[in-house]
Amino acid sequence: MTEKTSTRKTSNKPSTPQGTLKAHAKRIAHEADHHGHYPPEPPAPDELVAFTRVSTLIAVTMLQVTLSMRDIRLLAGQRNVGMTVAVPDASWVTPVTRALSKTRPWADTYKRSGGSKVSDKPENGSDAAGEALSGGSSILGVSTDPVRYLPAALVSSADVRIVLDAPSLRVIRKVIRLVTGQRRVGRMGPDIVQGLSADEIAACIRRDDTARSCVRRLEAASRSKRAPVADLADVPLLQDCHGYGEAGAWGLRLVSAIEDVRAGRRSLSSVEDKNIVLSGEAGVGKTTFARSLAKSLQMPLLATSVSSWFSQTNGYLNDICRKIDEVFQQAASQGAVLLLDECDSIPNRATCDPRHREYWVSLVSHLLMTLDGAVSGAASKIIVIGATNFPERLDEALVRPGRLNRIVHIGRPDDAALAGIMRQHLKDDLSGEDLGPLAAIGSGATGAQAAGWVRGARMAAAAAGRRMVADDLLSEIAPPETRSHESILATARHEAAHCVSVEGLSVGTIHSVSIVAQGPFAGKTLSRLRDATSLGAAELDALVVSTLCGRAADEHWGKATSGAAGGPASDLAAATALVAGKHGSYGLGTSLVYRGDRRQALALLDDPAFLRIVHSDLDALYARAREFVRTHEAAIDAVAARLVVRRVLGGDAVRSIIAAHPPARTLGNPDRLGGIHA
């Protein structure tokens with residue numbers, strides 16, 4: 001049965017302002033659609049519906065549910081009125097203007113969506129609007145962003161200011177009832193009009209059709225228009241992610257700000273820093289960051305790329321511009337996080353090829369205007385994140401404040417972040433396993449590589465028909481072992497001697513040790529050491545002894561080799577530099593004279609007298625290192641034996657082995673120091 005406003009006339013109750021607006025809006029919408037050609041007799045309400053465009057009916061209903069009682073009284077009674085309306089997107093400018101065009105005589109009407117860089121400016125028409133208002137005329141302005149595009153005099157002095165959201169389910173339900181004459185509309189999903197423009201919604205709601213058919217048509221149209229929304233079910237929240245540095249801190253601030261907006265503690269327009277460009281090499285997690293941010297914000301994620309704009313069109317300028325508009329409209333209608341991948345493919349207008357300059361300048365300018373409309377103003381509800389491997393290629397206008405604001409770099413994760421990334425991807429596998437040593441082996445890898453290691457390890461375990469073990473992951477991270485057993489054992493004893501001496505001499509605390517060959521190093525011991533700028537003579541000597549214990553172990557179980565010497569990062573080079581610094585830089589030797597920094601102190605070895613001092617000290621400290629290895633032979637050999645089997649050990653495992661193999665006798669126990677031995 002048709003919902004008719006004429007039924008109000010049979011009631012003994014006086015009509016309300018809302019009811020008056022509803023009936024009057026139908027009448028004026030009809031009149032506006034016919035450009036002043038009125039029928040001989042005033043049409044009945046159902047006839048008004050029949051003659052009125054559906055898009056106008058939708059706009060009328062949107063206004064009806066948005067206007068306050070005060071707004072309605074002003075529009076109905078005040079002699080002259082200034083009114084501004086912010087609409088969801090450019091497609092609503094004309095229908096809303098049409099719906100309001102006969103509510104009262106407007107001396108001038110401004111319809112602006114930012115499409116013209118020349119005319120859609122606050123200063124354009126401001127003097128005329130001001131004179132009209134001061135002269136007693138009424139002025140209407142409808143725009144996607146009134147502050148940015150409408151005449152400044154109108155915006156600042158408007159009597160009625162309203163912001164229209166995209167049509168709600170309540171609005172769509174009412175319009176379907178009006179157009180079809182059916183009371184039962186049926187169930188509608190919350191996203192039934194997402195991604196649809198005003199004309200597209202109107203095209204789905206048809207006269208002489210059933211309400212259910214209109215709903216199905218809207219659902220199908222919305223599905224076809226919406227970009228695929230990323231499935232975020234398995235994505236970690238941003239607070240649980242690792243290795244994002246400044247980008248992670250920015251994201252967490254944004255999440256907190258949006259939570260405040262939803263709680264009513266601040267306005268959305270006060271959140272200024274909500275659009276950025278993420279830069280970084282492939283694999284550092286730019287897309288993963290956007291996914292985690294969207295999940296943390298409880299917003300959908302729409303991902304697009306510049307290359308997709310061309311692949312989905314024929315490449316003509318108008319088609320590309322329409323595609324850009326469509327992408328931003330989809331994001332706006334869904335209130336989404338929009339990821340613009342490969343944004344460096346948008347050429348820099350200052351450096352683009354002169355042969356195609358006109359094409360690219362027009363395209364970039366259109367993108368910038370669209371971006372302005374999408375991210376500016378109080379009605380903007382989307383967050384835009386650009387992603388690029390080449391930030392130096394970006395047009396400067398793209399990343400200025402007010403658009404994508406700035407570039408935030410994401411680097412490769414450090415070892416702690418790498419361990420956290422592996423833990424995220426492992427989920428319940430290897431629970432309780434210390435991943436720090438494995439991360440140390442894979443140091444310098446990207447997050448994508450870490451995820452790949454976990455996938456490979458999981459596949460290997462599945463192929464073997466068992467649960468994953470640490471060796472599965474190690475096999476993915478480390479290259480296969482090709483050295484002889486004797487060489488592996490010698491490397492293990494060398495690194496074990498470093499471990500036991502760092503702990504035994506209280507030089508520092510072992511973090512991890514491995515015998516996985518990496519670059520020029522046959523193995524590596526990582527320890528947390530004390531600040532070298534505050535060492536006493538005894539602490540510095542202990543550090544040198546610990547550094548030389550690897551070479552002492554080589555000699556104890558075989559012979560000293562060039563493996564502990566030769567390069568500037570070798571044990572012997574590090575020990576020599578420390579002793580030279582002790583006597584020439586730190587004032588901890590036989591003289592207080594400062595003769596330069598450590599690098600300059602090494603140069604002093606050309607002085608025979610200085611060389612004798614350093615040589616004598618090194619000999620004495622190396623004798624202490626050999627004695628330490630002899631005294632702690634059992635612990636060193638036990639750590640080495642475990643290393644041969646496991647290839648990598650964490651600090652707790654090393655300390656447990658040391659505790660089970662006490663030394664024959666102990667040396668001094670200077671304060672803790674720190675360093676890395678290889």
# chains A, B, ... in the order shown; residues from 1 in each chain; ligands from 1

$ closest_atom_pairs --of "stretch 174-261 of chain A" --to "stretch 429-446 of chain A" --cutoff "12 Å" --atoms "only C-alpha atoms" --output "Markdown table"
| residue | atom | partner | partner_atom | distance |
| --- | --- | --- | --- | --- |
| A:His242 | CA | A:Thr446 | CA | 11.6 |
| A:Gly243 | CA | A:Thr446 | CA | 9.7 |
| A:Tyr244 | CA | A:Thr446 | CA | 11.4 |

$ write_last_selection --atoms "N, CA and C atoms" --output "PDB file, in the first residue's frame"
ATOM      1  N   HIS A 242      55.866  -5.588  14.946  1.00  0.00           N
ATOM      2  CA  HIS A 242      57.253  -5.321  15.298  1.00  0.00           C
ATOM      3  C   HIS A 242      57.997  -4.676  14.131  1.00  0.00           C
ATOM      4  N   GLY A 243      58.946  -3.811  14.466  1.00  0.00           N
ATOM      5  CA  GLY A 243      59.898  -3.316  13.476  1.00  0.00           C
ATOM      6  C   GLY A 243      59.431  -2.155  12.628  1.00  0.00           C
ATOM      7  N   TYR A 244      58.342  -1.467  13.018  1.00  0.00           N
ATOM      8  CA  TYR A 244      57.846  -0.380  12.181  1.00  0.00           C
ATOM      9  C   TYR A 244      58.344   1.001  12.598  1.00  0.00           C
TER      10      TYR A 244
END

$ select_by_dssp --residues "stretch 295-358 of chain A" --states "alpha helix (DSSP H)" --output "count of residues only"
29

$ residues_around --residues "stretch 300-304 of chain A" --least-positions-apart "5" --cutoff "9 Å" --atoms "only C-alpha atoms" --output "PyMOL selection string"
chain A and resi 227-232+287+290-291+293-295+309+327+330-331+334-342

$ closest_residue --among "A:Ala490, A:Ala249, A:Ala457, A:Val516" --to "A:Glu476" --atoms "only C-alpha atoms"
A:Ala457

$ closest_residue --among "A:Pro236, A:Asp617, A:Arg322, A:Arg53" --to "A:Ile205" --atoms "only C-alpha atoms"
A:Arg53

$ residues_around --residues "stretch 162-178 of chain A" --least-positions-apart "6" --cutoff "8 Å" --atoms "only C-alpha atoms" --output "PDB file with N, CA and C atoms, in the first residue's frame"
ATOM      1  N   THR A   2       0.527   2.229  -0.786  1.00  0.00           N
ATOM      2  CA  THR A   2       1.369   3.411  -0.923  1.00  0.00           C
ATOM      3  C   THR A   2       1.357   4.237   0.351  1.00  0.00           C
ATOM      4  N   GLU A   3       2.565   4.684   0.769  1.00  0.00           N
ATOM      5  CA  GLU A   3       2.676   5.586   1.917  1.00  0.00           C
ATOM      6  C   GLU A   3       2.396   7.003   1.421  1.00  0.00           C
ATOM      7  N   LYS A   4       1.258   7.594   1.805  1.00  0.00           N
ATOM      8  CA  LYS A   4       0.846   8.896   1.281  1.00  0.00           C
ATOM      9  C   LYS A   4       0.863   9.932   2.395  1.00  0.00           C
ATOM     10  N   VAL A  49       5.145  12.043  -6.325  1.00  0.00           N
ATOM     11  CA  VAL A  49       6.153  10.993  -6.373  1.00  0.00           C
ATOM     12  C   VAL A  49       6.349  10.507  -7.796  1.00  0.00           C
ATOM     13  N   VAL A  54      13.863  10.107  -8.804  1.00  0.00           N
ATOM     14  CA  VAL A  54      14.156   9.313  -7.609  1.00  0.00           C
ATOM     15  C   VAL A  54      15.341   9.901  -6.856  1.00  0.00           C
ATOM     16  N   LEU A  57      14.019  12.533  -4.714  1.00  0.00           N
ATOM     17  CA  LEU A  57      13.320  11.970  -3.562  1.00  0.00           C
ATOM     18  C   LEU A  57      14.300  11.515  -2.480  1.00  0.00           C
ATOM     19  N   ILE A  58      15.397  10.917  -2.913  1.00  0.00           N
ATOM     20  CA  ILE A  58      16.406  10.482  -1.940  1.00  0.00           C
ATOM     21  C   ILE A  58      16.980  11.696  -1.216  1.00  0.00           C
ATOM     22  N   THR A  61      14.562  13.117   1.302  1.00  0.00           N
ATOM     23  CA  THR A  61      14.480  12.279   2.508  1.00  0.00           C
ATOM     24  C   THR A  61      15.731  12.437   3.367  1.00  0.00           C
ATOM     25  N   MET A  62      16.881  12.552   2.726  1.00  0.00           N
ATOM     26  CA  MET A  62      18.110  12.805   3.481  1.00  0.00           C
ATOM     27  C   MET A  62      18.020  14.120   4.243  1.00  0.00           C
ATOM     28  N   LEU A  63      17.496  15.132   3.593  1.00  0.00           N
ATOM     29  CA  LEU A  63      17.329  16.428   4.255  1.00  0.00           C
ATOM     30  C   LEU A  63      16.325  16.332   5.397  1.00  0.00           C
ATOM     31  N   VAL A  65      15.605  13.863   7.380  1.00  0.00           N
ATOM     32  CA  VAL A  65      16.107  13.213   8.590  1.00  0.00           C
ATOM     33  C   VAL A  65      17.289  13.956   9.197  1.00  0.00           C
ATOM     34  N   THR A  66      17.800  14.958   8.488  1.00  0.00           N
ATOM     35  CA  THR A  66      18.979  15.675   8.975  1.00  0.00           C
ATOM     36  C   THR A  66      18.640  17.042   9.552  1.00  0.00           C
ATOM     37  N   LEU A  67      17.721  17.783   8.916  1.00  0.00           N
ATOM     38  CA  LEU A  67      17.395  19.131   9.366  1.00  0.00           C
ATOM     39  C   LEU A  67      16.782  19.118  10.766  1.00  0.00           C
ATOM     40  N   THR A  84      24.410  26.447   3.921  1.00  0.00           N
ATOM     41  CA  THR A  84      25.443  25.614   3.294  1.00  0.00           C
ATOM     42  C   THR A  84      25.148  24.150   3.601  1.00  0.00           C
ATOM     43  N   VAL A  85      25.388  23.309   2.610  1.00  0.00           N
ATOM     44  CA  VAL A  85      25.164  21.872   2.755  1.00  0.00           C
ATOM     45  C   VAL A  85      26.423  21.144   2.288  1.00  0.00           C
ATOM     46  N   ALA A  86      26.977  20.303   3.168  1.00  0.00           N
ATOM     47  CA  ALA A  86      28.091  19.438   2.788  1.00  0.00           C
ATOM     48  C   ALA A  86      27.523  18.082   2.403  1.00  0.00           C
ATOM     49  N   VAL A  87      27.821  17.625   1.194  1.00  0.00           N
ATOM     50  CA  VAL A  87      27.270  16.369   0.687  1.00  0.00           C
ATOM     51  C   VAL A  87      28.350  15.287   0.702  1.00  0.00           C
ATOM     52  N   PRO A  88      27.939  14.004   0.685  1.00  0.00           N
ATOM     53  CA  PRO A  88      28.913  12.913   0.801  1.00  0.00           C
ATOM     54  C   PRO A  88      29.950  12.882  -0.316  1.00  0.00           C
ATOM     55  N   ARG A 184       6.269  -3.336   2.786  1.00  0.00           N
ATOM     56  CA  ARG A 184       7.299  -4.286   3.222  1.00  0.00           C
ATOM     57  C   ARG A 184       8.487  -4.219   2.260  1.00  0.00           C
ATOM     58  N   VAL A 185       9.603  -3.798   2.800  1.00  0.00           N
ATOM     59  CA  VAL A 185      10.816  -3.678   1.982  1.00  0.00           C
ATOM     60  C   VAL A 185      11.738  -4.874   2.170  1.00  0.00           C
ATOM     61  N   MET A 188      17.792  -5.381   4.646  1.00  0.00           N
ATOM     62  CA  MET A 188      18.861  -4.795   3.834  1.00  0.00           C
ATOM     63  C   MET A 188      20.161  -4.814   4.634  1.00  0.00           C
ATOM     64  N   PRO A 190      23.952  -3.535   5.796  1.00  0.00           N
ATOM     65  CA  PRO A 190      24.438  -2.183   6.096  1.00  0.00           C
ATOM     66  C   PRO A 190      25.248  -1.561   4.969  1.00  0.00           C
ATOM     67  N   VAL A 193      24.405   0.400  -0.157  1.00  0.00           N
ATOM     68  CA  VAL A 193      24.670   1.469  -1.138  1.00  0.00           C
ATOM     69  C   VAL A 193      26.135   1.888  -1.145  1.00  0.00           C
ATOM     70  N   ILE A 205      16.266   1.902  -7.965  1.00  0.00           N
ATOM     71  CA  ILE A 205      14.951   2.003  -7.338  1.00  0.00           C
ATOM     72  C   ILE A 205      13.963   2.447  -8.416  1.00  0.00           C
ATOM     73  N   ALA A 211       9.517  -3.955  -4.133  1.00  0.00           N
ATOM     74  CA  ALA A 211      10.535  -3.455  -3.208  1.00  0.00           C
ATOM     75  C   ALA A 211      11.721  -4.420  -3.142  1.00  0.00           C
ATOM     76  N   CYS A 214      14.093  -4.023  -5.999  1.00  0.00           N
ATOM     77  CA  CYS A 214      14.937  -2.837  -5.818  1.00  0.00           C
ATOM     78  C   CYS A 214      16.099  -3.131  -4.876  1.00  0.00           C
ATOM     79  N   SER A 333      32.650   6.168   0.510  1.00  0.00           N
ATOM     80  CA  SER A 333      31.356   5.566   0.839  1.00  0.00           C
ATOM     81  C   SER A 333      31.493   4.483   1.901  1.00  0.00           C
ATOM     82  N   ALA A 379      34.028  16.543   6.779  1.00  0.00           N
ATOM     83  CA  ALA A 379      33.268  15.371   6.335  1.00  0.00           C
ATOM     84  C   ALA A 379      34.160  14.225   5.876  1.00  0.00           C
TER      85      ALA A 379
END
